$ cat target-v2.cif   # mmCIF, C-alpha atoms
data_query
loop_
_atom_site.label_atom_id
_atom_site.label_comp_id
_atom_site.auth_asym_id
_atom_site.auth_seq_id
_atom_site.Cartn_x
_atom_site.Cartn_y
_atom_site.Cartn_z
CA MET A 19 54.04 -2.20 81.47
CA GLY A 20 57.40 -2.99 79.87
CA LYS A 21 60.65 -1.22 80.76
CA TRP A 22 60.37 1.06 77.71
CA GLY A 23 56.77 1.81 78.70
CA PHE A 24 58.03 3.30 81.97
CA ILE A 25 60.70 5.26 80.11
CA TRP A 26 58.22 6.75 77.61
CA LEU A 27 55.78 7.48 80.45
CA ALA A 28 58.46 9.41 82.38
CA TYR A 29 59.65 11.39 79.33
CA GLY A 30 56.07 11.91 78.16
CA VAL A 31 54.89 13.29 81.49
CA ALA A 32 57.90 15.65 81.64
CA GLY A 33 57.31 16.77 78.04
CA VAL A 34 53.63 17.50 78.64
CA VAL A 35 54.42 19.42 81.86
CA LEU A 36 57.14 21.54 80.22
CA VAL A 37 55.16 22.31 77.05
CA GLY A 38 52.04 22.98 79.14
CA TYR A 39 53.96 25.43 81.33
CA LEU A 40 55.41 27.18 78.28
CA VAL A 41 52.00 27.60 76.64
CA ALA A 42 50.47 28.84 79.91
CA LEU A 43 53.36 31.28 80.38
CA TRP A 44 52.95 32.72 76.88
CA ARG A 45 49.17 33.02 77.46
CA ARG A 46 49.70 34.85 80.77
CA LEU A 47 52.24 37.15 79.09
CA GLY A 48 49.76 37.92 76.31
CA GLU A 49 46.92 38.68 78.75
CA ILE A 50 48.95 40.92 81.06
CA SER A 51 50.46 42.76 78.07
CA GLU A 52 46.97 43.46 76.72
CA GLU A 53 45.94 44.78 80.12
CA LEU A 54 49.02 47.02 80.27
CA THR A 55 48.35 48.35 76.77
CA ALA A 56 44.73 49.09 77.72
CA LEU A 57 45.82 50.94 80.87
CA GLU A 58 48.43 52.99 79.03
CA ARG A 59 45.96 53.97 76.27
CA LYS A 60 43.44 55.34 78.75
CA PRO A 61 45.31 57.91 80.83
CA GLY A 62 43.55 58.95 84.01
CA ARG A 63 40.84 56.29 83.80
CA SER A 64 40.61 52.93 85.51
CA ALA A 65 40.69 49.95 83.14
CA SER A 66 38.78 47.64 85.47
CA MET B 11 55.52 45.84 76.22
CA GLN B 12 59.10 44.85 75.49
CA PRO B 13 59.07 41.83 73.15
CA THR B 14 61.12 38.72 73.92
CA SER B 15 64.78 39.69 73.57
CA VAL B 16 67.15 38.06 71.08
CA ALA B 17 69.20 36.64 73.98
CA THR B 18 66.07 35.00 75.44
CA LYS B 19 65.14 33.55 72.05
CA LEU B 20 68.67 32.20 71.70
CA LEU B 21 68.35 30.60 75.15
CA GLY B 22 65.11 28.91 74.10
CA GLY B 23 66.55 27.75 70.77
CA GLY B 24 69.72 26.52 72.46
CA ALA B 25 67.66 24.62 75.04
CA LEU B 26 65.65 22.87 72.31
CA LEU B 27 68.80 21.93 70.41
CA VAL B 28 70.75 20.67 73.42
CA LEU B 29 67.75 18.78 74.83
CA GLY B 30 67.20 17.16 71.43
CA VAL B 31 70.82 15.95 71.40
CA GLY B 32 70.59 14.91 75.06
CA LEU B 33 67.42 12.87 74.48
CA TYR B 34 68.96 11.14 71.48
CA VAL B 35 72.16 10.31 73.37
CA GLY B 36 70.35 9.26 76.56
CA LEU B 37 67.71 7.13 74.86
CA SER B 38 69.63 5.48 72.05
CA VAL B 39 73.42 6.00 72.15
CA VAL B 40 74.40 5.25 75.75
CA PRO B 41 74.28 1.52 76.67
CA PRO B 42 71.75 0.30 79.28
CA ASP B 43 72.76 -0.02 82.92
CA ALA B 44 74.30 -3.38 83.90
CA VAL B 45 71.98 -3.81 86.90
CA GLN B 46 68.76 -1.93 86.11
CA GLY B 47 68.78 -2.36 82.34
CA GLU B 48 66.96 0.05 80.02
CA VAL B 49 64.78 1.69 82.68
CA GLN B 50 67.84 3.45 84.13
CA ARG B 51 67.52 5.86 81.14
CA ILE B 52 64.97 7.77 83.25
CA MET B 53 68.03 9.02 85.15
CA TYR B 54 68.96 11.31 82.20
CA LEU B 55 65.80 13.28 82.93
CA HIS B 56 65.29 12.72 86.67
CA VAL B 57 68.75 13.82 87.90
CA PRO B 58 69.08 16.93 85.64
CA ALA B 59 65.54 17.96 86.69
CA ILE B 60 66.35 17.98 90.43
CA LEU B 61 69.73 19.69 89.84
CA THR B 62 67.96 22.39 87.80
CA ALA B 63 65.40 22.74 90.61
CA TYR B 64 68.27 23.19 93.10
CA LEU B 65 69.71 25.90 90.85
CA ALA B 66 66.30 27.61 90.69
CA TYR B 67 65.97 27.57 94.50
CA PHE B 68 69.53 28.86 94.88
CA VAL B 69 68.56 31.82 92.67
CA VAL B 70 65.42 32.32 94.84
CA PHE B 71 67.64 32.22 97.95
CA CYS B 72 70.10 34.82 96.57
CA ALA B 73 67.38 37.08 95.16
CA SER B 74 65.47 36.94 98.47
CA ILE B 75 68.56 37.99 100.45
CA LEU B 76 69.15 40.82 97.97
CA TYR B 77 65.52 41.91 98.25
CA LEU B 78 65.67 42.04 102.07
CA TRP B 79 68.90 44.02 101.82
CA LYS B 80 68.05 46.47 99.00
CA ARG B 81 64.20 46.42 99.09
CA ASN B 82 64.18 46.48 95.30
CA LEU B 83 61.14 44.69 93.80
CA ALA B 84 63.22 43.60 90.78
CA TYR B 85 65.00 41.09 93.06
CA ASP B 86 61.63 39.91 94.33
CA ALA B 87 60.48 39.44 90.71
CA VAL B 88 63.52 37.21 90.09
CA ALA B 89 62.71 35.22 93.26
CA VAL B 90 59.04 34.65 92.35
CA ALA B 91 59.91 33.72 88.76
CA SER B 92 62.64 31.29 89.80
CA ALA B 93 60.49 29.71 92.57
CA GLU B 94 57.74 28.90 90.09
CA ILE B 95 60.21 27.20 87.75
CA GLY B 96 61.83 25.40 90.69
CA VAL B 97 58.42 23.95 91.64
CA LEU B 98 57.92 22.89 88.02
CA PHE B 99 61.23 20.98 87.93
CA THR B 100 60.67 19.50 91.41
CA GLY B 101 57.29 18.24 90.20
CA ILE B 102 58.98 16.62 87.21
CA THR B 103 61.56 15.05 89.56
CA LEU B 104 58.84 13.60 91.79
CA ALA B 105 56.82 12.29 88.82
CA THR B 106 59.77 10.71 87.00
CA GLY B 107 61.16 9.36 90.29
CA SER B 108 57.82 7.77 91.06
CA ILE B 109 57.71 6.09 87.63
CA TRP B 110 61.32 4.94 88.02
CA GLY B 111 60.52 3.67 91.54
CA LYS B 112 57.54 1.65 90.30
CA SER B 113 59.67 -0.05 87.66
CA THR B 114 62.61 -0.88 89.97
CA TRP B 115 61.23 -1.04 93.54
CA GLY B 116 57.69 -2.10 92.60
CA VAL B 117 56.03 0.87 94.34
CA TRP B 118 55.03 4.36 93.10
CA TRP B 119 55.93 5.94 96.44
CA THR B 120 57.65 5.11 99.73
CA TRP B 121 58.36 7.32 102.75
CA ASP B 122 62.10 7.17 102.22
CA ALA B 123 64.15 10.12 103.59
CA ARG B 124 65.18 11.42 100.14
CA LEU B 125 61.67 11.13 98.68
CA THR B 126 60.04 12.67 101.73
CA LEU B 127 62.46 15.61 101.84
CA THR B 128 61.92 16.23 98.12
CA ALA B 129 58.14 16.23 98.70
CA ILE B 130 58.69 18.69 101.59
CA LEU B 131 60.81 20.90 99.31
CA PHE B 132 57.99 20.88 96.73
CA THR B 133 55.44 21.74 99.45
CA ILE B 134 57.55 24.58 100.90
CA TYR B 135 57.87 26.36 97.56
CA MET B 136 54.22 25.64 96.63
CA GLY B 137 53.40 27.35 99.93
CA TYR B 138 55.69 30.21 98.93
CA LEU B 139 53.83 30.65 95.63
CA MET B 140 50.45 30.50 97.38
CA LEU B 141 51.60 33.11 99.89
CA ARG B 142 52.64 35.33 96.98
CA ALA B 143 49.39 34.75 95.12
CA PHE B 144 47.04 35.55 98.00
CA ALA B 145 48.86 38.37 99.83
CA GLU B 146 47.34 41.78 99.08
CA ASP B 147 50.24 44.09 99.94
CA PRO B 148 53.10 43.48 97.42
CA GLN B 149 55.83 44.73 99.79
CA ALA B 150 54.60 42.57 102.69
CA ALA B 151 54.24 39.56 100.35
CA ALA B 152 57.80 40.10 99.12
CA ARG B 153 59.13 40.40 102.68
CA TYR B 154 57.36 37.32 104.09
CA GLY B 155 58.10 35.40 100.89
CA ALA B 156 61.81 36.21 101.13
CA VAL B 157 61.99 34.91 104.72
CA LEU B 158 60.14 31.70 103.77
CA ALA B 159 62.35 31.19 100.71
CA ILE B 160 65.55 31.58 102.75
CA LEU B 161 64.34 29.14 105.43
CA GLY B 162 63.04 26.74 102.78
CA PHE B 163 66.43 26.60 101.11
CA LEU B 164 67.78 24.81 104.22
CA ASP B 165 65.90 21.71 103.03
CA ILE B 166 68.24 21.34 100.03
CA PRO B 167 71.50 20.33 101.81
CA LEU B 168 69.40 18.11 104.07
CA ASN B 169 67.85 16.50 100.98
CA HIS B 170 71.19 16.09 99.23
CA PHE B 171 72.93 14.45 102.20
CA ALA B 172 69.89 12.36 103.27
CA VAL B 173 71.16 9.37 101.26
CA GLN B 174 74.47 9.51 103.15
CA TRP B 175 73.18 10.23 106.64
CA TRP B 176 70.32 7.72 106.72
CA ARG B 177 69.71 4.24 105.33
CA THR B 178 67.48 4.94 102.36
CA LEU B 179 65.95 2.97 99.51
CA HIS B 180 67.05 5.74 97.15
CA GLN B 181 70.49 5.17 95.68
CA PRO B 182 73.41 7.39 96.84
CA SER B 183 74.46 10.42 94.78
CA THR B 184 76.21 9.51 91.53
CA LEU B 185 77.15 13.01 90.35
CA LEU B 186 77.67 15.39 93.29
CA ARG B 187 79.74 13.15 95.58
CA ALA B 188 83.16 13.17 97.25
CA GLY B 189 85.71 11.61 94.89
CA GLY B 190 83.86 12.65 91.74
CA PRO B 191 81.06 11.03 89.71
CA SER B 192 80.78 7.25 90.06
CA ILE B 193 79.26 6.43 86.66
CA ASP B 194 80.54 5.40 83.23
CA SER B 195 81.89 8.35 81.20
CA ARG B 196 79.31 7.83 78.40
CA MET B 197 76.48 7.93 80.93
CA LEU B 198 78.05 10.99 82.55
CA THR B 199 78.19 12.73 79.14
CA ALA B 200 74.48 12.04 78.50
CA LEU B 201 73.64 13.29 81.99
CA LEU B 202 75.65 16.51 81.54
CA VAL B 203 74.20 17.22 78.07
CA ASN B 204 70.65 16.89 79.45
CA LEU B 205 71.60 19.00 82.46
CA ALA B 206 72.91 21.72 80.12
CA GLY B 207 69.66 21.54 78.12
CA LEU B 208 67.46 21.88 81.20
CA VAL B 209 69.61 24.73 82.59
CA LEU B 210 69.21 26.58 79.26
CA LEU B 211 65.47 25.91 79.40
CA TYR B 212 65.43 27.23 82.97
CA GLY B 213 67.19 30.38 81.72
CA TYR B 214 64.56 30.84 79.00
CA PHE B 215 61.65 30.27 81.41
CA LEU B 216 63.23 32.60 83.97
CA ALA B 217 63.67 35.43 81.44
CA GLU B 218 60.06 35.14 80.23
CA ARG B 219 58.59 34.71 83.73
CA PHE B 220 60.63 37.69 84.99
CA ARG B 221 59.25 39.77 82.10
CA LEU B 222 55.73 38.74 83.11
CA GLU B 223 56.37 39.75 86.72
CA ARG B 224 57.75 43.16 85.72
CA ILE B 225 54.71 43.84 83.51
CA ARG B 226 52.47 42.78 86.41
CA HIS B 227 54.24 45.29 88.69
CA ARG B 228 53.66 48.01 86.08
CA VAL B 229 49.96 47.08 85.78
CA LEU B 230 49.54 47.14 89.58
CA ALA B 231 51.27 50.54 89.79
CA LEU B 232 49.04 51.98 87.03
CA ARG B 233 45.89 50.58 88.66
CA LEU B 234 46.92 52.13 91.98
CA GLN B 235 47.69 55.45 90.29
CA ARG B 236 44.31 55.46 88.49
CA GLY B 237 42.55 54.46 91.69
CA ARG B 238 44.07 57.42 93.54
CA ARG B 239 43.11 59.82 90.76
CA GLY B 240 39.61 58.36 90.34
#
$ encode --input "target-v2.cif" --output "structure tokens"
Amino acid sequence: MGKWGFIWLAYGVAGVVLVGYLVALWRRLGEISEELTALERKPGRSAS
Amino acid sequence: MQPTSVATKLLGGGALLVLGVGLYVGLSVVPPDAVQGEVQRIMYLHVPAILTAYLAYFVVFCASILYLWKRNLAYDAVAVASAEIGVLFTGITLATGSIWGKSTWGVWWTWDARLTLTAILFTIYMGYLMLRAFAEDPQAAARYGAVLAILGFLDIPLNHFAVQWWRTLHQPSTLLRAGGPSIDSRMLTALLVNLAGLVLLYGYFLAERFRLERIRHRVLALRLQRGRRG
């Protein structure tokens, strides 16, 4: 692997990790928000 | 649910913009290093990543002390959110350091003091996140987590000074050192721009992850309330 190959590998890995985390974070936020909405719409009843 | 605030969106937009400039400057404007050549450009990602991780763990440390003092779960939410992002940036540091090491030292990994202490730091806060994930009582998890986070933070000064105290393969500090930074001003500028970009990104991640944690607390409280009624 050439010197630029190592550079692109390092920046590529970091980019994938950061974008992956962001997407996972948004997904988790969406799921927990849906659960909260479901719980708040059904007063007095368990959502699970 | 409260949507993402304007301030948080601005943080995210600012991070994208500054990181874009930082990448451009680091990869094409700044000249290559006289000794290492082009591959030294990994530094513009590697060093800001570990400094951002240190910032994240410092926030965990402060929030954990505040939680133990005030017993307010909002501080604990800040600690959990920041620890997760700290682990993310430490992981990036280890990965980019390994790639940089392979290209300059010829090995992906060596049990050098700096590398080992960074791996220990990663493991401590991974352990912290696992403790938080598997503990059933939120108050007990917050209490034990806070103690672990405070003790774990002691690894950071040890890690920072490892390159001065022991003979290591890892190069000495170029930025946070007595007498000021030891690098060319153009390289320093690229490093600081990327650091600013990652700190902004950390701020964005922290705001969103904190929001997630607060919603999770609300969901747990509602489930408990329903369980008692039912």
$ interface_residues --input "target-v2.cif" --of "chain B" --to "chain A" --cutoff "10 Å" --atoms "all atoms listed in the file" --output "count of residues only"
55
$ resolve_selection --input "target-v2.cif" --expression "the PyMOL selection byres ((chain B and resi 86) around 7)" --output "count of residues only"
11
$ atom_distance --input "target-v2.cif" --atom1 "CA of Leu198 in chain B" --atom2 "CA of Leu168 in chain B"
24.3 Å
$ residues_near_point --input "target-v2.cif" --point "(68.5, 22.2, 77.7)" --cutoff "7 Å" --atoms "only C-alpha atoms" --output "PyMOL selection string"
chain B and resi 24-26+28-29+204-211
$ closest_residue --input "target-v2.cif" --among "B:Gly96, B:Ser183, B:Glu146, B:Val40" --to "Ala159 in chain B" --atoms "all atoms listed in the file"
B:Gly96
$ atom_distance --input "target-v2.cif" --atom1 "CA of Asp122 in chain B" --atom2 "CA of His170 in chain B"
13.1 Å
$ atom_distance --input "target-v2.cif" --atom1 "CA of Leu127 in chain B" --atom2 "CA of Asn169 in chain B"
5.5 Å
$ closest_residue --input "target-v2.cif" --among "B:Tyr34, B:Tyr212, B:Arg196, B:Ser15" --to "Val97 in chain B" --atoms "only C-alpha atoms"
B:Tyr212
$ build_atoms --input "target-v2.cif" --residues "range 96-125 of chain B" --atoms "N, CA and C atoms" --output "PDB file, keeping the file's coordinate frame"
ATOM      1  N   GLY B  96      61.302  26.420  89.787  1.00  0.00           N
ATOM      2  CA  GLY B  96      61.830  25.400  90.690  1.00  0.00           C
ATOM      3  C   GLY B  96      60.758  24.369  91.046  1.00  0.00           C
ATOM      4  N   VAL B  97      59.547  24.847  91.330  1.00  0.00           N
ATOM      5  CA  VAL B  97      58.420  23.950  91.640  1.00  0.00           C
ATOM      6  C   VAL B  97      58.115  23.056  90.437  1.00  0.00           C
ATOM      7  N   LEU B  98      58.166  23.651  89.254  1.00  0.00           N
ATOM      8  CA  LEU B  98      57.920  22.890  88.020  1.00  0.00           C
ATOM      9  C   LEU B  98      58.917  21.723  87.890  1.00  0.00           C
ATOM     10  N   PHE B  99      60.197  22.023  88.072  1.00  0.00           N
ATOM     11  CA  PHE B  99      61.230  20.980  87.930  1.00  0.00           C
ATOM     12  C   PHE B  99      61.188  19.983  89.100  1.00  0.00           C
ATOM     13  N   THR B 100      60.800  20.444  90.289  1.00  0.00           N
ATOM     14  CA  THR B 100      60.670  19.500  91.410  1.00  0.00           C
ATOM     15  C   THR B 100      59.502  18.549  91.136  1.00  0.00           C
ATOM     16  N   GLY B 101      58.437  19.085  90.572  1.00  0.00           N
ATOM     17  CA  GLY B 101      57.290  18.240  90.200  1.00  0.00           C
ATOM     18  C   GLY B 101      57.699  17.186  89.190  1.00  0.00           C
ATOM     19  N   ILE B 102      58.502  17.576  88.214  1.00  0.00           N
ATOM     20  CA  ILE B 102      58.980  16.620  87.210  1.00  0.00           C
ATOM     21  C   ILE B 102      59.864  15.556  87.884  1.00  0.00           C
ATOM     22  N   THR B 103      60.703  15.996  88.826  1.00  0.00           N
ATOM     23  CA  THR B 103      61.560  15.050  89.560  1.00  0.00           C
ATOM     24  C   THR B 103      60.720  14.031  90.317  1.00  0.00           C
ATOM     25  N   LEU B 104      59.690  14.514  91.013  1.00  0.00           N
ATOM     26  CA  LEU B 104      58.840  13.600  91.790  1.00  0.00           C
ATOM     27  C   LEU B 104      58.095  12.632  90.870  1.00  0.00           C
ATOM     28  N   ALA B 105      57.593  13.139  89.745  1.00  0.00           N
ATOM     29  CA  ALA B 105      56.820  12.290  88.820  1.00  0.00           C
ATOM     30  C   ALA B 105      57.722  11.232  88.176  1.00  0.00           C
ATOM     31  N   THR B 106      58.882  11.670  87.674  1.00  0.00           N
ATOM     32  CA  THR B 106      59.770  10.710  87.000  1.00  0.00           C
ATOM     33  C   THR B 106      60.381   9.736  88.016  1.00  0.00           C
ATOM     34  N   GLY B 107      60.629  10.226  89.235  1.00  0.00           N
ATOM     35  CA  GLY B 107      61.160   9.360  90.290  1.00  0.00           C
ATOM     36  C   GLY B 107      60.141   8.296  90.671  1.00  0.00           C
ATOM     37  N   SER B 108      58.885   8.707  90.716  1.00  0.00           N
ATOM     38  CA  SER B 108      57.820   7.770  91.060  1.00  0.00           C
ATOM     39  C   SER B 108      57.701   6.664  89.993  1.00  0.00           C
ATOM     40  N   ILE B 109      57.794   7.064  88.733  1.00  0.00           N
ATOM     41  CA  ILE B 109      57.710   6.090  87.630  1.00  0.00           C
ATOM     42  C   ILE B 109      58.922   5.151  87.659  1.00  0.00           C
ATOM     43  N   TRP B 110      60.085   5.729  87.904  1.00  0.00           N
ATOM     44  CA  TRP B 110      61.320   4.940  88.020  1.00  0.00           C
ATOM     45  C   TRP B 110      61.223   3.973  89.208  1.00  0.00           C
ATOM     46  N   GLY B 111      60.684   4.492  90.345  1.00  0.00           N
ATOM     47  CA  GLY B 111      60.520   3.670  91.540  1.00  0.00           C
ATOM     48  C   GLY B 111      59.601   2.486  91.288  1.00  0.00           C
ATOM     49  N   LYS B 112      58.499   2.726  90.579  1.00  0.00           N
ATOM     50  CA  LYS B 112      57.540   1.650  90.300  1.00  0.00           C
ATOM     51  C   LYS B 112      58.209   0.535  89.480  1.00  0.00           C
ATOM     52  N   SER B 113      59.058   0.958  88.529  1.00  0.00           N
ATOM     53  CA  SER B 113      59.670  -0.050  87.660  1.00  0.00           C
ATOM     54  C   SER B 113      60.828  -0.793  88.313  1.00  0.00           C
ATOM     55  N   THR B 114      61.467  -0.201  89.334  1.00  0.00           N
ATOM     56  CA  THR B 114      62.610  -0.880  89.970  1.00  0.00           C
ATOM     57  C   THR B 114      62.287  -1.396  91.377  1.00  0.00           C
ATOM     58  N   TRP B 115      61.550  -0.620  92.168  1.00  0.00           N
ATOM     59  CA  TRP B 115      61.230  -1.040  93.540  1.00  0.00           C
ATOM     60  C   TRP B 115      59.868  -1.718  93.620  1.00  0.00           C
ATOM     61  N   GLY B 116      59.036  -1.508  92.610  1.00  0.00           N
ATOM     62  CA  GLY B 116      57.690  -2.100  92.600  1.00  0.00           C
ATOM     63  C   GLY B 116      56.636  -1.240  93.268  1.00  0.00           C
ATOM     64  N   VAL B 117      57.013  -0.025  93.714  1.00  0.00           N
ATOM     65  CA  VAL B 117      56.030   0.870  94.340  1.00  0.00           C
ATOM     66  C   VAL B 117      56.155   2.268  93.722  1.00  0.00           C
ATOM     67  N   TRP B 118      55.002   2.982  93.639  1.00  0.00           N
ATOM     68  CA  TRP B 118      55.030   4.360  93.100  1.00  0.00           C
ATOM     69  C   TRP B 118      55.635   5.319  94.106  1.00  0.00           C
ATOM     70  N   TRP B 119      55.471   5.012  95.397  1.00  0.00           N
ATOM     71  CA  TRP B 119      55.930   5.940  96.440  1.00  0.00           C
ATOM     72  C   TRP B 119      56.297   5.182  97.697  1.00  0.00           C
ATOM     73  N   THR B 120      57.316   5.649  98.410  1.00  0.00           N
ATOM     74  CA  THR B 120      57.650   5.110  99.730  1.00  0.00           C
ATOM     75  C   THR B 120      58.176   6.276 100.569  1.00  0.00           C
ATOM     76  N   TRP B 121      57.963   6.189 101.886  1.00  0.00           N
ATOM     77  CA  TRP B 121      58.360   7.320 102.750  1.00  0.00           C
ATOM     78  C   TRP B 121      59.843   7.227 103.112  1.00  0.00           C
ATOM     79  N   ASP B 122      60.654   7.168 102.116  1.00  0.00           N
ATOM     80  CA  ASP B 122      62.100   7.170 102.220  1.00  0.00           C
ATOM     81  C   ASP B 122      62.565   8.612 102.507  1.00  0.00           C
ATOM     82  N   ALA B 123      63.708   8.771 103.194  1.00  0.00           N
ATOM     83  CA  ALA B 123      64.150  10.120 103.590  1.00  0.00           C
ATOM     84  C   ALA B 123      64.306  11.051 102.383  1.00  0.00           C
ATOM     85  N   ARG B 124      64.939  10.570 101.302  1.00  0.00           N
ATOM     86  CA  ARG B 124      65.180  11.420 100.140  1.00  0.00           C
ATOM     87  C   ARG B 124      63.856  11.829  99.478  1.00  0.00           C
ATOM     88  N   LEU B 125      62.957  10.850  99.326  1.00  0.00           N
ATOM     89  CA  LEU B 125      61.670  11.130  98.680  1.00  0.00           C
ATOM     90  C   LEU B 125      60.844  12.094  99.521  1.00  0.00           C
TER      91      LEU B 125
END
